[in-house]
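data09.cif (mmCIF, C-alpha atoms and all ligand atoms)
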data_query
loop_
_atom_site.label_atom_id
_atom_site.label_comp_id
_atom_site.auth_asym_id
_atom_site.auth_seq_id
_atom_site.Cartn_x
_atom_site.Cartn_y
_atom_site.Cartn_z
CA MET W 1 -169.66 35.27 17.57
CA SER W 2 -172.71 34.14 19.59
CA THR W 3 -172.28 32.59 23.04
CA PRO W 4 -172.85 28.81 23.10
CA PRO W 5 -175.92 27.69 25.09
CA LEU W 6 -175.56 27.11 28.79
CA VAL W 7 -176.32 23.57 29.91
CA ILE W 8 -177.07 22.84 33.58
CA ARG W 9 -176.51 19.18 34.43
CA PRO W 10 -175.52 16.93 37.35
CA GLU W 11 -171.80 16.62 38.09
CA THR W 12 -170.13 13.40 36.94
CA ALA W 13 -166.86 11.79 38.08
CA ALA W 14 -165.26 13.01 34.84
CA ASP W 15 -165.80 16.65 35.97
CA ARG W 16 -163.72 16.44 39.14
CA ASP W 17 -160.41 17.85 37.82
CA ALA W 18 -162.17 20.66 35.97
CA LEU W 19 -164.16 21.51 39.10
CA ARG W 20 -161.00 21.69 41.22
CA ALA W 21 -159.52 24.11 38.69
CA LEU W 22 -162.75 26.14 38.65
CA HIS W 23 -162.81 26.54 42.44
CA ARG W 24 -159.12 27.46 42.56
CA ALA W 25 -159.69 30.15 39.92
CA ALA W 26 -162.90 31.51 41.47
CA PHE W 27 -161.78 31.53 45.12
CA GLY W 28 -158.04 31.99 44.64
CA GLY W 29 -157.08 29.11 46.95
CA GLU W 30 -157.38 25.40 47.62
CA ALA W 31 -159.99 25.39 50.40
CA GLU W 32 -163.17 25.02 48.32
CA ALA W 33 -161.64 22.44 45.95
CA LYS W 34 -160.66 20.40 49.03
CA LEU W 35 -164.10 20.92 50.58
CA VAL W 36 -165.81 19.46 47.50
CA ASP W 37 -163.51 16.41 47.53
CA ALA W 38 -164.04 15.90 51.27
CA LEU W 39 -167.84 16.20 50.98
CA HIS W 40 -167.86 13.55 48.26
CA ALA W 41 -165.52 11.33 50.33
CA GLU W 42 -167.81 11.40 53.36
CA GLY W 43 -170.93 10.77 51.27
CA ALA W 44 -172.54 14.08 52.23
CA VAL W 45 -173.32 15.37 48.72
CA VAL W 46 -177.06 15.63 47.98
CA LEU W 47 -176.98 17.61 44.72
CA SER W 48 -174.08 18.84 42.62
CA LEU W 49 -174.84 20.73 39.42
CA VAL W 50 -172.43 22.05 36.83
CA ALA W 51 -173.00 24.72 34.21
CA GLU W 52 -171.35 23.85 30.92
CA GLU W 53 -170.80 26.27 28.08
CA GLY W 54 -169.24 25.20 24.80
CA GLY W 55 -167.99 21.98 26.38
CA GLN W 56 -166.26 23.83 29.23
CA ILE W 57 -167.24 23.95 32.88
CA ALA W 58 -168.44 27.50 33.60
CA GLY W 59 -169.91 27.08 37.08
CA HIS W 60 -170.71 24.69 39.91
CA VAL W 61 -173.03 24.55 42.90
CA LEU W 62 -173.07 21.86 45.56
CA TYR W 63 -175.59 20.99 48.31
CA SER W 64 -174.67 18.73 51.22
CA ARG W 65 -176.69 17.11 54.00
CA LEU W 66 -177.09 18.86 57.35
CA THR W 67 -178.45 17.21 60.45
CA LEU W 68 -180.83 18.97 62.81
CA ASP W 69 -181.56 18.59 66.49
CA PRO W 70 -184.42 18.02 67.18
CA PRO W 71 -184.19 15.58 64.26
CA CYS W 72 -185.85 16.74 61.06
CA ALA W 73 -185.09 15.56 57.53
CA GLY W 74 -184.63 17.88 54.57
CA ALA W 75 -181.91 20.34 55.69
CA LEU W 76 -179.08 21.23 53.33
CA SER W 77 -176.01 23.44 53.05
CA LEU W 78 -175.33 25.37 49.85
CA ALA W 79 -171.53 25.47 49.48
CA PRO W 80 -169.61 26.09 47.45
CA VAL W 81 -170.97 27.96 44.44
CA SER W 82 -168.54 29.31 41.92
CA VAL W 83 -168.44 30.67 38.39
CA ALA W 84 -165.32 30.94 36.25
CA PRO W 85 -163.95 34.49 36.63
CA ALA W 86 -164.24 35.25 32.89
CA ARG W 87 -167.90 34.17 32.93
CA GLN W 88 -169.16 35.94 36.06
CA LYS W 89 -172.04 38.46 36.08
CA ARG W 90 -173.89 36.65 33.29
CA ALA W 91 -176.44 34.99 35.60
CA ILE W 92 -174.71 31.59 35.53
CA GLY W 93 -174.61 31.49 39.34
CA SER W 94 -178.28 32.51 39.44
CA ARG W 95 -179.26 29.81 36.93
CA LEU W 96 -177.41 27.12 38.90
CA ILE W 97 -179.00 28.09 42.22
CA ALA W 98 -182.52 28.60 40.83
CA ASP W 99 -182.45 25.25 38.98
CA ALA W 100 -181.07 23.49 42.05
CA HIS W 101 -183.79 24.89 44.30
CA ARG W 102 -186.51 23.76 41.91
CA MET W 103 -185.04 20.23 41.90
CA LEU W 104 -184.57 20.15 45.67
CA ALA W 105 -188.11 21.37 46.39
CA ALA W 106 -189.49 18.72 43.99
CA ARG W 107 -187.55 16.06 45.92
CA GLY W 108 -189.12 17.18 49.20
CA GLU W 109 -186.10 18.95 50.68
CA LYS W 110 -187.20 21.58 53.19
CA ILE W 111 -184.56 24.15 54.09
CA VAL W 112 -181.22 25.39 52.74
CA PHE W 113 -178.56 27.21 54.77
CA VAL W 114 -175.84 29.35 53.22
CA LEU W 115 -172.97 31.37 54.66
CA GLY W 116 -172.25 34.33 52.41
CA ASP W 117 -172.96 37.90 51.41
CA PRO W 118 -176.67 38.71 51.86
CA ALA W 119 -176.36 41.16 48.92
CA TYR W 120 -175.98 38.13 46.66
CA TYR W 121 -178.14 35.49 48.36
CA GLU W 122 -181.20 37.64 49.16
CA ARG W 123 -182.19 37.50 45.47
CA PHE W 124 -182.89 33.76 45.88
CA GLY W 125 -185.05 34.31 48.97
CA PHE W 126 -182.40 33.61 51.61
CA SER W 127 -182.61 35.70 54.77
CA ALA W 128 -180.64 36.09 57.97
CA ALA W 129 -183.96 36.33 59.85
CA ALA W 130 -184.91 32.78 58.78
CA ALA W 131 -181.55 31.47 60.04
CA LYS W 132 -181.55 33.35 63.34
CA PRO W 133 -183.65 30.87 65.40
CA PHE W 134 -181.16 28.09 64.50
CA ARG W 135 -177.85 27.44 66.25
CA THR W 136 -175.11 26.81 63.70
CA PRO W 137 -171.30 26.70 63.85
CA TYR W 138 -171.32 29.94 61.81
CA ASP W 139 -173.97 32.09 63.53
CA GLY W 140 -173.97 35.75 62.49
CA GLU W 141 -175.19 38.17 59.85
CA TYR W 142 -173.77 36.08 56.98
CA MET W 143 -175.67 32.93 57.95
CA GLN W 144 -178.91 32.79 55.99
CA ALA W 145 -181.66 30.28 55.38
CA LEU W 146 -184.27 29.66 52.71
CA THR W 147 -187.32 27.46 53.26
CA LEU W 148 -188.34 25.27 50.32
CA ALA W 149 -191.50 23.89 51.92
CA PRO W 150 -194.13 25.23 54.34
CA GLU W 151 -193.41 22.39 56.77
CA ALA W 152 -189.72 23.34 57.04
CA PRO W 153 -188.31 23.38 60.58
CA LYS W 154 -188.32 26.83 62.18
CA SER W 155 -185.57 26.35 64.78
CA GLY W 156 -183.01 23.84 66.04
CA THR W 157 -179.31 23.07 66.21
CA VAL W 158 -177.60 22.55 62.86
CA ARG W 159 -174.70 20.12 62.42
CA TYR W 160 -172.52 20.37 59.31
CA PRO W 161 -170.66 17.53 57.55
CA ALA W 162 -167.18 16.94 59.04
CA ALA W 163 -165.59 18.34 55.86
CA PHE W 164 -166.54 21.89 56.93
CA ALA W 165 -164.64 21.66 60.21
CA ARG W 166 -161.47 20.90 58.23
CA LEU W 167 -161.95 23.96 56.00
CA GLU W 168 -158.88 26.25 56.22
C1 LIG W 201 -170.68 34.56 43.60
C2 LIG W 201 -170.69 33.98 42.20
C3 LIG W 201 -170.93 32.49 42.27
C4 LIG W 201 -171.82 34.66 41.43
O1 LIG W 201 -171.91 34.07 40.15
P1 LIG W 201 -172.32 34.95 38.88
O2 LIG W 201 -172.67 34.04 37.78
O3 LIG W 201 -171.27 35.96 38.64
O4 LIG W 201 -173.62 35.67 39.48
P2 LIG W 201 -174.87 36.23 38.70
O5 LIG W 201 -174.47 36.68 37.33
O6 LIG W 201 -175.96 35.25 38.83
O7 LIG W 201 -175.21 37.47 39.58
C5 LIG W 201 -174.36 38.60 39.48
C6 LIG W 201 -174.70 39.53 40.61
O8 LIG W 201 -174.15 39.01 41.82
C7 LIG W 201 -173.38 40.00 42.46
N1 LIG W 201 -172.33 39.33 43.21
C8 LIG W 201 -171.44 38.43 42.77
N2 LIG W 201 -170.64 38.07 43.79
C9 LIG W 201 -171.05 38.73 44.89
C10 LIG W 201 -170.62 38.76 46.23
N3 LIG W 201 -169.60 38.02 46.68
N4 LIG W 201 -171.29 39.57 47.07
C11 LIG W 201 -172.33 40.31 46.65
N5 LIG W 201 -172.79 40.32 45.39
C12 LIG W 201 -172.15 39.54 44.52
C13 LIG W 201 -172.85 40.82 41.32
O9 LIG W 201 -172.44 42.09 41.74
C14 LIG W 201 -174.08 40.90 40.41
O10 LIG W 201 -174.99 41.83 40.94
P3 LIG W 201 -176.10 42.56 40.03
O11 LIG W 201 -177.02 41.47 39.53
O12 LIG W 201 -176.78 43.48 40.97
O13 LIG W 201 -175.32 43.20 38.94
C15 LIG W 201 -169.38 34.30 41.43
O14 LIG W 201 -169.18 35.69 41.42
C16 LIG W 201 -168.17 33.64 42.02
O15 LIG W 201 -167.83 32.51 41.66
N6 LIG W 201 -167.45 34.32 42.92
C17 LIG W 201 -166.23 33.78 43.51
C18 LIG W 201 -166.56 32.66 44.45
C19 LIG W 201 -167.54 33.10 45.53
O16 LIG W 201 -167.37 34.15 46.14
N7 LIG W 201 -168.56 32.25 45.77
C20 LIG W 201 -169.61 32.54 46.73
C21 LIG W 201 -169.10 32.32 48.10
S1 LIG W 201 -170.31 32.80 49.31
#

Show me, as structure tokens, the structure contained in the file I just sent.
Amino acid sequence: MSTPPLVIRPETAADRDALRALHRAAFGGEAEAKLVDALHAEGAVVLSLVAEEGGQIAGHVLYSRLTLDPPCAGALSLAPVSVAPARQKRAIGSRLIADAHRMLAARGEKIVFVLGDPAYYERFGFSAAAAKPFRTPYDGEYMQALTLAPEAPKSGTVRYPAAFARLE
């Protein structure tokens, strides 16, 4: 049987329960499901895309607003991204992230930060070197940045939405 087409679309309120279940299954805990709810509650969500396959949620990626000092608009956090365990390694995560970055660049967003394994995120252009001149709450080899525009800030102090501080 052929695989149904993958549809990438914005999250709607009707997706919330399915997304909680997706994050629990992908991460094996409650933290990311709670993070998504908390980011929505504080109004920090900038872009949230779901991947749907055969009417089922197969993946999700969420971008939230970061603030920079000195002030500069256009900074985002990528977190979380998850793909249903049975559907991993079929480029669904890559499709979600690539589509999101095209949309964000078109909207004039300038820089994305992610905390994660460089072996995965380097393929999208993220690098630890680009993040190094910034001070973040998560400094280290797993903190990476990707510029979406030539005028992106090159250094500064990064403040995350409050939801991240409550992450277990
Ligand atoms: C990470 C995740 C979103 C990737 O989604 P996906 O649809 O399976 O990814 P893709 O098919 O686009 O890419 C698969 C590639 O990513 C690699 N990969 C997946 N997770 C990885 C990880 N945590 N670290 C390093 N590489 C990883 C795979 O080995 C594979 O590599 P290859 O292309 O060289 O074979 C998915 O595996 C997932 O939901 N994992 C659990 C939640 C998670 O860890 N989220 C990221 C937190 S930083």

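Taking atom CA of W:Ala73 and atom CA of W:Pro10 as the two end points, the separation is 22.4 Å.
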
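Between W:Arg87 and the residues W:Glu53, W:Glu30, W:Asp17, W:Asp139, the shortest atom-to-atom distance, using only C-alpha atoms, involves W:Glu53.
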
Would you write out, as a Markdown table, a table of all residues in chain W that have an atom no more than 8 Å from an atom of ligand LIG 201 (chain W), listing for each the closest atom pair and the distance in Å to one decimal, considering all atoms listed in the file and ordering rows by chain and rising residue number?
| residue | atom | partner | partner_atom | distance |
| --- | --- | --- | --- | --- |
| W:His23 | CA | W:LIG201 | C18 | 7.5 |
| W:Ala26 | CA | W:LIG201 | C17 | 4.5 |
| W:Phe27 | CA | W:LIG201 | C18 | 5.0 |
| W:Gly59 | CA | W:LIG201 | O15 | 7.4 |
| W:Ala79 | CA | W:LIG201 | C21 | 7.4 |
| W:Pro80 | CA | W:LIG201 | C21 | 6.3 |
| W:Val81 | CA | W:LIG201 | C3 | 5.0 |
| W:Ser82 | CA | W:LIG201 | O15 | 3.3 |
| W:Val83 | CA | W:LIG201 | O15 | 3.8 |
| W:Ala84 | CA | W:LIG201 | O15 | 6.2 |
| W:Pro85 | CA | W:LIG201 | O15 | 6.7 |
| W:Arg87 | CA | W:LIG201 | O2 | 6.8 |
| W:Gln88 | CA | W:LIG201 | O3 | 3.3 |
| W:Lys89 | CA | W:LIG201 | O5 | 3.3 |
| W:Arg90 | CA | W:LIG201 | O5 | 4.1 |
| W:Ala91 | CA | W:LIG201 | O5 | 3.1 |
| W:Ile92 | CA | W:LIG201 | O2 | 3.9 |
| W:Gly93 | CA | W:LIG201 | O2 | 3.6 |
| W:Ser94 | CA | W:LIG201 | O6 | 3.6 |
| W:Arg95 | CA | W:LIG201 | O6 | 6.6 |
| W:Val114 | CA | W:LIG201 | S1 | 7.6 |
| W:Leu115 | CA | W:LIG201 | S1 | 6.1 |
| W:Gly116 | CA | W:LIG201 | S1 | 4.0 |
| W:Asp117 | CA | W:LIG201 | N4 | 4.9 |
| W:Pro118 | CA | W:LIG201 | C11 | 7.0 |
| W:Ala119 | CA | W:LIG201 | C11 | 4.7 |
| W:Tyr120 | CA | W:LIG201 | N5 | 4.1 |
| W:Tyr121 | CA | W:LIG201 | C11 | 7.7 |

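Closest approach to W:Leu167 among W:Lys132, W:Ala75, W:Ala33, W:Val46: W:Ala33, based on all atoms listed in the file.
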
* **Spatial neighbours of stretch 103-106 of chain W, 7 Å, all atoms listed in the file, chain gap at least 4 places, as a ChimeraX atom specification** => /W:99,110,148-149

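Residues with any atom within 9 Å of W:Pro133, counting all atoms listed in the file and excluding same-chain neighbours fewer than 2 positions away, are Ala129, Ala130, Ala131, Arg135, Lys154, Ser155, Gly156 and Thr157 of chain W.
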
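If you measure from each of W:Leu146, W:Ala13, W:Ala18, W:Ala51 to W:Ile111 using only C-alpha atoms, the closest one turns out to be W:Leu146.
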
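Atom pair atom CA of W:Ser127 / atom CA of W:Ala145 has a distance of 5.5 Å (rounded to one decimal).
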
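Each of W:Asp69, W:Leu62, W:Arg102, W:Gly108 was checked against W:Thr136 using all atoms listed in the file; the smallest atom-to-atom distance is that of W:Asp69.
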
As a PDB file with C-alpha atoms, keeping the file's coordinate frame, please: the residues near W:Ala163 (cut-off 7 Å, only C-alpha atoms, same-chain neighbours under 2 positions excluded).
ATOM      1  CA  LEU W  35    -164.100  20.920  50.580  1.00  0.00           C
ATOM      2  CA  ALA W  38    -164.040  15.900  51.270  1.00  0.00           C
ATOM      3  CA  LEU W  39    -167.840  16.200  50.980  1.00  0.00           C
ATOM      4  CA  PRO W 161    -170.660  17.530  57.550  1.00  0.00           C
ATOM      5  CA  ALA W 165    -164.640  21.660  60.210  1.00  0.00           C
ATOM      6  CA  ARG W 166    -161.470  20.900  58.230  1.00  0.00           C
ATOM      7  CA  LEU W 167    -161.950  23.960  56.000  1.00  0.00           C
TER       8      LEU W 167
END

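You can rank W:Phe113, W:Ala86, W:Ala41, W:Val158 by their closest distance to W:Cys72 using only C-alpha atoms, and at the top of that list sits W:Val158.
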
* **Test item: residues at most 9 Å from W:Gly54, only C-alpha atoms, excluding those fewer than 4 positions along its chain, as a ChimeraX atom specification** => /W:3-7

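Taking atom CA of W:Pro137 and atom CA of W:His40 as endpoints, the distance between them is 20.7 Å.
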